[in-house]
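> Take this structure first; my questions come after.
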Amino acid sequence: MPRLSEVIAALDALWPPSRAEQWDAVGTVCGDPDAGVTRVLFAVDPVQEVVDEAVKLGADLLVTHHPLYLRGTTTVSAGTFKGRAVHTLIKNDIALHVAHTNADTADPGVSDALAGALDLRVTGPLVPDPTDPEGRRGLGRVCELDHPETLREFAARAAARLPRTAQGIRVAGDPDMTIRRVAVSGGSGDSLFAQVREAGVDAFVTADLRHHPASEAREQSPLALVDAAHWATEWPWCEQAAAQLDAVSERHGWGLRTHVSRTVTDPWTAHAPSADSPTTPGAPN
């Protein structure tokens, strides 16, 4: 049985904390370095429902993509929802480790997992890491389809292959346009429009697209936009990360048991489709 410190060292080798953005909060939040680890749970969000899942599973370590305390804190009081999560973890001897922007830009990283879920062939990073001599690390990925398809077909592919959420898939563009090359970026991606245009792709798959950046991007080029839920674009990384730790465990003979949470932690829980009414533009009077 490996100690927590050994497993954390393996995770840090996969996603070095030094490669996280300066504003980020990655690494180990709680846990005894000398405690043994036999079972690990991967999830996107360290919310109470996932923490309770880790307790029920009997996990010794919870690895999440999103930080628990991104902007710091002055309290871990159980009277706060984040403090309650910490108390639950400590009481049940469960460590919490975070790999966020250091996992985004890794090779493979979050966007590789997203591309894999969509069955896209990665050709390189969208925003290369200048410190990577091989040019494989970086933010986002530029991809190709094995066979061209319409935007309508590609959107259906995304809807079928990404985890189901209340939002589903939002699309901007001519549904009959041909899609051959695609940029993907797990999580919020509307800060990357300049790089996406430079990449010369037909479509951009990401999350959290806001009105003005999306509108301006559409005005500047015929780029198609495929907007999924934030959680849905990052969840595939959990399966990829678990497989990476499995490989490390096998190499060291640790016998770790890894699990991926399938709890949907996207905050939106329902979707009501718009319907024509007398106040809807274009509706008959």
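We name chains A, B, ... following the order of the structure tokens; residues begin at 1 in each chain, and ligands are numbered from 1 as shown.
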Show which residues sit within 7 Å of range 24-41 of chain A, as an MDAnalysis selection string. Count only C-alpha atoms, and ignore same-chain residues fewer than 4 positions away.

chainID A and resid 1:5 17 20 54 59:63 67 69:70 94:100 256:261

> From the DSSP assignment of the backbone, select every residue of range 175-218 of chain A that is strand (DSSP E or B), and format the answer as a ChimeraX atom specification.

/A:178-188,203-207

> Would you list the contacts of range 138-155 of chain A as an MDAnalysis selection string, taking every protein, DNA or RNA residue within 6 Å and counting only C-alpha atoms, but skipping same-chain residues closer than 4 positions in sequence?

chainID A and resid 105 111 120:129 175:185

> Would you mind telling me which residue in A:Gln167, A:Thr64, A:Gln220, A:Thr206 lies nearest to Thr233 in chain A when using only C-alpha atoms?

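Of the candidates, the smallest distance to Thr233 in chain A is held by A:Thr206.
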
> In Å, how far is it from CA of Asp246 in chain A to CA of Ser188 in chain A?

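Computed distance, CA of Asp246 in chain A to CA of Ser188 in chain A, equals 28.4 Å.
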
> Which residues are near Ala172 in chain A? Cut-off 9 Å, only C-alpha atoms, ignore same chain within fewer than 4 positions. Put them as an mmCIF file with C-alpha atoms, in the first residue's frame.


data_model
loop_
_atom_site.group_PDB
_atom_site.id
_atom_site.type_symbol
_atom_site.label_atom_id
_atom_site.label_comp_id
_atom_site.auth_asym_id
_atom_site.auth_seq_id
_atom_site.Cartn_x
_atom_site.Cartn_y
_atom_site.Cartn_z
ATOM 1 C CA ALA A 214 -19.479 35.101 -29.082
ATOM 2 C CA ARG A 218 -19.309 35.446 -35.303
ATOM 3 C CA LEU A 223 -16.465 30.298 -37.301
ATOM 4 C CA ALA A 224 -19.046 27.871 -35.918
ATOM 5 C CA LEU A 225 -19.427 27.772 -32.123
ATOM 6 C CA VAL A 226 -20.356 24.659 -30.151
ATOM 7 C CA ASP A 227 -20.980 25.566 -26.518
#

> One decimal, Å: what's the distance from CA of Glu219 in chain A over to CA of Asp266 in chain A, could you say?

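About the pair CA of Glu219 in chain A and CA of Asp266 in chain A: they are 29.8 Å apart.
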
> Please identify which residues in range 160-256 of chain A DSSP calls helix (DSSP H, G or I) from the backbone, and express them as an MDAnalysis selection string.

chainID A and resid 160:161 193:199 211:220 230:252

> Between CA of Val51 in chain A and CA of Asp208 in chain A, what distance in Å does the model show, to one decimal?

25.1 Å

> Could you give me, as a PDB file with N, CA and C atoms, in the first residue's frame, the residues within 8 Å of Thr265 in chain A, counting only C-alpha atoms and dropping anything in the same chain fewer than 4 positions from it?


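Output file result08.pdb is given in full below:
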ATOM      1  N   VAL A  44     -14.826  16.333 -10.984  1.00  0.00           N
ATOM      2  CA  VAL A  44     -14.573  17.699 -11.447  1.00  0.00           C
ATOM      3  C   VAL A  44     -14.630  18.685 -10.289  1.00  0.00           C
ATOM      4  N   ASP A  45     -15.674  18.575  -9.458  1.00  0.00           N
ATOM      5  CA  ASP A  45     -15.924  19.576  -8.421  1.00  0.00           C
ATOM      6  C   ASP A  45     -15.862  18.986  -7.016  1.00  0.00           C
ATOM      7  N   VAL A  47     -17.521  19.431  -4.378  1.00  0.00           N
ATOM      8  CA  VAL A  47     -18.743  19.831  -3.674  1.00  0.00           C
ATOM      9  C   VAL A  47     -19.152  18.741  -2.691  1.00  0.00           C
ATOM     10  N   TRP A 231     -18.965  21.758 -16.910  1.00  0.00           N
ATOM     11  CA  TRP A 231     -18.692  20.454 -16.289  1.00  0.00           C
ATOM     12  C   TRP A 231     -18.552  19.360 -17.345  1.00  0.00           C
TER      13      TRP A 231
END

> Each residue of range 164-185 of chain A lying at most 9 Å from range 268-278 of chain A should get a row with its shortest atom-to-atom pair and the distance in Å to one decimal, counting only C-alpha atoms; could you produce that, ordered by chain and increasing number, as JSON lines?


{"residue": "A:Thr165", "atom": "CA", "partner": "A:Thr269", "partner_atom": "CA", "distance": 7.6}
{"residue": "A:Ala166", "atom": "CA", "partner": "A:Ala270", "partner_atom": "CA", "distance": 4.9}
{"residue": "A:Gln167", "atom": "CA", "partner": "A:His271", "partner_atom": "CA", "distance": 6.3}
{"residue": "A:Gly168", "atom": "CA", "partner": "A:His271", "partner_atom": "CA", "distance": 8.6}

> Find the residue from A:Val171, A:Leu11, A:Ala103, A:Ile90 that sits nearest to Glu234 in chain A; use only C-alpha atoms when measuring.

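Closest to Glu234 in chain A, using only C-alpha atoms: A:Ala103.
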